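Novice: Structure below; questions to follow.
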Amino acid sequence: MTRENHPTHRAHEAAQAGDAPGSRTAERAAPTAERVPRNAGTAVVTGAGSGIGRAVALTLADAGWTVVLAGRRRGSLEQTAQLAGGAATRCVPADVTDPAAVTALFDSVREHEGRLDLLFNNAGTFGPAVPLADLSFEDWRAVVDVNLHGAFLCAQAAFRLMKDQRPRGGRIINNGSISAHTPRPGSIAYTATKHAMTGLTKSLSLDGRAHDVACGQIDIGNAATEMTAAMSQGVPQADGNRAPEPTMDADDVARTVLHMASLPLEANVQFATVLATKMPYIGRG
């Protein structure tokens, strides 16, 4: 199936053109039995109201997963649910930096869906792109709270549910970044948290073995979302210049997540790197 014919892409194009969700142009094909993977189950996607989170949520829903949409803004989550058409979704507003809110999110999954098969641990923020000397502690802490503390809280709550349910087990996919390998100028808070995400992924993988909980990480470079819109105008480079950078469609990321999620628990993609082919990464300096 080409990207242009993919239902997620068609809905995205319709939304960009101003077609109201639910209109004929924005309609998404309902999941059919032959398109549903044998192991499709219940997934929680954090940061599901926009960007990569929305693209992944729609792709999972289209493949037959029941998707719990989590994020801070109910309105954005409801827009994602509308784009999913008749697929099984449920909106749960939740701030991942709030332990009580995270507990309530996963308690609601236990109550409403009965089990959890997948967490896409996606919620994150860049923070201000400023010189190191100008970064306030408050801005540092805000990035760490979302990208690291929030990721930990969601992973821990998912882990508890997965190891205790019957049949036990499940999969956690953490959203890393190219910054988990190579930083950009002025990104110390974001880069530090994404390096920490790699440690979180490895520890979850090790601790999950005894409970049939698999954990992998997808490191993404230059997916076209609201957060990366400035790249087309030019972003700081390591040599001090500014230059525009190529991007890729977020649906390309979503299909990679779906592949990772569709594997049996006996197999795991530990780390995957998906990036715009011509972005300055290999050899950048």
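Residues in the structure tokens are named by chain (A, B, ... in the order shown) and by number from 1 within that chain; ligands are numbered from 1 in the order shown.
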Enumerate as a list in words all residues of range 51-204 of chain A assigned to strand (DSSP E) by DSSP on the backbone, naming them with the chain letters and numbers the document uses.
Specialist: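 Secondary structure check on range 51-204 of chain A, strand (DSSP E): Thr66, Val67, Val68, Leu69, Ala70, Gly71, Thr89, Arg90, Cys91, Val92, Pro93, Leu118, Leu119, Phe120, Asn121, Gly170, Arg171, Ile172, Ile173, Asn174 and Asn175 of chain A.
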Novice: Selection from above, all heavy atoms, as a short mmCIF file (atom, residue, chain, number, x, y, z; two decimals), in the first residue's frame, can you write it?
Specialist:
data_model
loop_
_atom_site.label_atom_id
_atom_site.label_comp_id
_atom_site.auth_asym_id
_atom_site.auth_seq_id
_atom_site.Cartn_x
_atom_site.Cartn_y
_atom_site.Cartn_z
N THR A 66 -7.34 -1.85 20.03
CA THR A 66 -8.10 -0.93 20.86
C THR A 66 -7.10 0.04 21.46
O THR A 66 -6.15 -0.38 22.13
CB THR A 66 -8.85 -1.68 21.99
OG1 THR A 66 -9.80 -2.57 21.40
CG2 THR A 66 -9.55 -0.70 22.92
N VAL A 67 -7.28 1.34 21.20
CA VAL A 67 -6.28 2.32 21.56
C VAL A 67 -6.83 3.30 22.61
O VAL A 67 -7.83 3.97 22.36
CB VAL A 67 -5.78 3.11 20.33
CG1 VAL A 67 -4.63 4.04 20.73
CG2 VAL A 67 -5.32 2.15 19.24
N VAL A 68 -6.16 3.35 23.74
CA VAL A 68 -6.46 4.34 24.78
C VAL A 68 -5.59 5.55 24.51
O VAL A 68 -4.35 5.47 24.53
CB VAL A 68 -6.20 3.77 26.18
CG1 VAL A 68 -6.50 4.83 27.25
CG2 VAL A 68 -7.08 2.53 26.41
N LEU A 69 -6.21 6.68 24.23
CA LEU A 69 -5.52 7.91 23.86
C LEU A 69 -5.29 8.75 25.11
O LEU A 69 -6.25 9.21 25.74
CB LEU A 69 -6.37 8.70 22.85
CG LEU A 69 -6.84 7.91 21.62
CD1 LEU A 69 -7.87 8.73 20.84
CD2 LEU A 69 -5.67 7.54 20.74
N ALA A 70 -4.03 8.96 25.45
CA ALA A 70 -3.70 9.70 26.66
C ALA A 70 -2.95 10.98 26.30
O ALA A 70 -2.12 11.00 25.38
CB ALA A 70 -2.84 8.85 27.61
N GLY A 71 -3.22 12.04 27.02
CA GLY A 71 -2.56 13.32 26.80
C GLY A 71 -3.19 14.37 27.70
O GLY A 71 -4.20 14.12 28.36
N THR A 89 -11.41 3.40 20.16
CA THR A 89 -10.53 4.30 20.89
C THR A 89 -11.25 4.81 22.12
O THR A 89 -12.49 4.81 22.18
CB THR A 89 -10.09 5.50 20.03
OG1 THR A 89 -11.25 6.25 19.65
CG2 THR A 89 -9.33 5.05 18.79
N ARG A 90 -10.47 5.26 23.09
CA ARG A 90 -11.02 5.88 24.30
C ARG A 90 -10.07 6.96 24.75
O ARG A 90 -8.86 6.74 24.81
CB ARG A 90 -11.23 4.84 25.41
CG ARG A 90 -11.94 5.37 26.64
CD ARG A 90 -12.38 4.24 27.55
NE ARG A 90 -11.25 3.50 28.09
CZ ARG A 90 -10.62 3.82 29.23
NH1 ARG A 90 -11.00 4.88 29.94
NH2 ARG A 90 -9.61 3.08 29.67
N CYS A 91 -10.60 8.14 25.06
CA CYS A 91 -9.78 9.28 25.46
C CYS A 91 -9.67 9.36 26.98
O CYS A 91 -10.69 9.32 27.68
CB CYS A 91 -10.38 10.59 24.94
SG CYS A 91 -10.54 10.67 23.15
N VAL A 92 -8.44 9.47 27.48
CA VAL A 92 -8.21 9.63 28.91
C VAL A 92 -7.23 10.79 29.12
O VAL A 92 -6.01 10.60 28.98
CB VAL A 92 -7.65 8.35 29.56
CG1 VAL A 92 -7.49 8.55 31.07
CG2 VAL A 92 -8.55 7.16 29.27
N PRO A 93 -7.71 11.99 29.39
CA PRO A 93 -6.79 13.09 29.68
C PRO A 93 -5.92 12.76 30.89
O PRO A 93 -6.43 12.30 31.93
CB PRO A 93 -7.72 14.26 29.97
CG PRO A 93 -9.01 13.91 29.30
CD PRO A 93 -9.12 12.42 29.42
N LEU A 118 0.15 -3.21 25.03
CA LEU A 118 1.17 -2.33 24.47
C LEU A 118 1.10 -0.94 25.10
O LEU A 118 0.01 -0.39 25.24
CB LEU A 118 0.97 -2.19 22.95
CG LEU A 118 1.85 -1.17 22.22
CD1 LEU A 118 3.32 -1.61 22.24
CD2 LEU A 118 1.36 -0.95 20.80
N LEU A 119 2.25 -0.42 25.48
CA LEU A 119 2.39 1.00 25.82
C LEU A 119 3.35 1.62 24.83
O LEU A 119 4.49 1.17 24.71
CB LEU A 119 2.94 1.17 27.24
CG LEU A 119 3.46 2.59 27.58
CD1 LEU A 119 2.33 3.62 27.57
CD2 LEU A 119 4.19 2.60 28.92
N PHE A 120 2.89 2.65 24.10
CA PHE A 120 3.81 3.48 23.33
C PHE A 120 4.09 4.70 24.19
O PHE A 120 3.27 5.61 24.31
CB PHE A 120 3.24 3.85 21.98
CG PHE A 120 4.18 4.68 21.13
CD1 PHE A 120 5.52 4.33 21.02
CD2 PHE A 120 3.74 5.80 20.46
CE1 PHE A 120 6.41 5.07 20.25
CE2 PHE A 120 4.61 6.55 19.68
CZ PHE A 120 5.95 6.20 19.59
N ASN A 121 5.26 4.72 24.80
CA ASN A 121 5.67 5.72 25.78
C ASN A 121 6.23 6.93 25.02
O ASN A 121 7.44 7.04 24.84
CB ASN A 121 6.74 5.10 26.69
CG ASN A 121 6.66 5.58 28.11
OD1 ASN A 121 5.83 6.40 28.47
ND2 ASN A 121 7.54 5.06 28.95
N GLY A 170 3.32 -8.31 27.97
CA GLY A 170 2.97 -7.21 27.09
C GLY A 170 4.25 -6.57 26.55
O GLY A 170 5.35 -7.08 26.76
N ARG A 171 4.10 -5.43 25.89
CA ARG A 171 5.24 -4.78 25.27
C ARG A 171 5.20 -3.28 25.55
O ARG A 171 4.14 -2.65 25.49
CB ARG A 171 5.24 -5.01 23.76
CG ARG A 171 6.52 -4.55 23.06
CD ARG A 171 6.45 -4.79 21.54
NE ARG A 171 6.11 -6.16 21.20
CZ ARG A 171 6.98 -7.15 21.10
NH1 ARG A 171 8.26 -6.92 21.31
NH2 ARG A 171 6.59 -8.36 20.78
N ILE A 172 6.38 -2.73 25.83
CA ILE A 172 6.55 -1.29 26.01
C ILE A 172 7.51 -0.81 24.92
O ILE A 172 8.59 -1.39 24.74
CB ILE A 172 7.13 -0.96 27.40
CG1 ILE A 172 6.15 -1.40 28.50
CG2 ILE A 172 7.43 0.53 27.53
CD1 ILE A 172 6.73 -1.35 29.91
N ILE A 173 7.09 0.20 24.18
CA ILE A 173 7.95 0.82 23.17
C ILE A 173 8.19 2.26 23.59
O ILE A 173 7.24 3.05 23.66
CB ILE A 173 7.33 0.75 21.77
CG1 ILE A 173 7.11 -0.71 21.36
CG2 ILE A 173 8.25 1.45 20.75
CD1 ILE A 173 6.39 -0.87 20.02
N ASN A 174 9.43 2.59 23.88
CA ASN A 174 9.79 3.94 24.30
C ASN A 174 10.18 4.78 23.09
O ASN A 174 10.90 4.31 22.20
CB ASN A 174 10.96 3.91 25.29
CG ASN A 174 10.57 3.32 26.62
OD1 ASN A 174 9.45 3.51 27.09
ND2 ASN A 174 11.50 2.62 27.26
N ASN A 175 9.74 6.02 23.07
CA ASN A 175 10.13 6.95 22.01
C ASN A 175 11.43 7.62 22.43
O ASN A 175 11.46 8.45 23.33
CB ASN A 175 9.03 8.00 21.79
CG ASN A 175 9.32 8.89 20.60
OD1 ASN A 175 10.44 8.90 20.07
ND2 ASN A 175 8.32 9.64 20.18
#
Novice: May I ask for the distance between CA of Ala210 in chain A and CA of Asp95 in chain A, given in Å to one decimal place?
Specialist: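 Taking CA of Ala210 in chain A and CA of Asp95 in chain A, their separation equals 29.7 Å.
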Novice: For each of A:Leu258, A:Ala88, A:Ala180, A:Ala55, take the minimum atom-to-atom distance to Ala224 in chain A, counting only C-alpha atoms, then give the residue where this is smallest.
Specialist: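 Under the stated criterion, the closest residue is A:Ala55.
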Novice: Residues near Ala57 in chain A, anyone? I mean within 8 Å using only C-alpha atoms, not counting same-chain ones fewer than 2 positions away, as a ChimeraX atom specification.
Specialist: /A:45,48,53-55,59-61,67,69,80
Novice: Those residues with N, CA and C atoms, as a PDB file, in the first residue's frame please?
Specialist:
ATOM      1  N   VAL A  45      -1.364   4.920  24.175  1.00  0.00           N
ATOM      2  CA  VAL A  45      -0.444   5.827  23.499  1.00  0.00           C
ATOM      3  C   VAL A  45      -0.464   7.146  24.252  1.00  0.00           C
ATOM      4  N   ALA A  48      -1.004  11.381  22.579  1.00  0.00           N
ATOM      5  CA  ALA A  48      -1.759  10.919  21.410  1.00  0.00           C
ATOM      6  C   ALA A  48      -2.537  12.030  20.714  1.00  0.00           C
ATOM      7  N   GLY A  53       2.540  10.774  18.205  1.00  0.00           N
ATOM      8  CA  GLY A  53       1.565  10.047  19.007  1.00  0.00           C
ATOM      9  C   GLY A  53       0.259   9.843  18.270  1.00  0.00           C
ATOM     10  N   ARG A  54      -0.221  10.894  17.606  1.00  0.00           N
ATOM     11  CA  ARG A  54      -1.463  10.766  16.831  1.00  0.00           C
ATOM     12  C   ARG A  54      -1.276   9.800  15.673  1.00  0.00           C
ATOM     13  N   ALA A  55      -0.172   9.914  14.935  1.00  0.00           N
ATOM     14  CA  ALA A  55       0.063   9.034  13.786  1.00  0.00           C
ATOM     15  C   ALA A  55       0.113   7.570  14.225  1.00  0.00           C
ATOM     16  N   THR A  59      -2.609   4.550  13.270  1.00  0.00           N
ATOM     17  CA  THR A  59      -2.136   3.357  12.576  1.00  0.00           C
ATOM     18  C   THR A  59      -2.466   2.098  13.374  1.00  0.00           C
ATOM     19  N   LEU A  60      -2.288   2.143  14.690  1.00  0.00           N
ATOM     20  CA  LEU A  60      -2.665   0.999  15.527  1.00  0.00           C
ATOM     21  C   LEU A  60      -4.163   0.732  15.447  1.00  0.00           C
ATOM     22  N   ALA A  61      -4.955   1.800  15.529  1.00  0.00           N
ATOM     23  CA  ALA A  61      -6.409   1.637  15.470  1.00  0.00           C
ATOM     24  C   ALA A  61      -6.833   1.042  14.136  1.00  0.00           C
ATOM     25  N   VAL A  67      -7.283   1.342  21.197  1.00  0.00           N
ATOM     26  CA  VAL A  67      -6.276   2.324  21.563  1.00  0.00           C
ATOM     27  C   VAL A  67      -6.828   3.304  22.605  1.00  0.00           C
ATOM     28  N   LEU A  69      -6.212   6.679  24.228  1.00  0.00           N
ATOM     29  CA  LEU A  69      -5.523   7.911  23.859  1.00  0.00           C
ATOM     30  C   LEU A  69      -5.293   8.751  25.106  1.00  0.00           C
ATOM     31  N   THR A  80      -8.142  13.211  17.605  1.00  0.00           N
ATOM     32  CA  THR A  80      -7.524  11.953  17.171  1.00  0.00           C
ATOM     33  C   THR A  80      -8.565  10.852  17.077  1.00  0.00           C
TER      34      THR A  80
END
Novice: Select, from A:Pro185, A:Leu116, A:Thr103, A:Ala43, the residue with the minimum atom-to-atom distance to Ala129 in chain A, counting only C-alpha atoms.
Specialist: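 With only C-alpha atoms as the atom set, the closest residue is A:Pro185.
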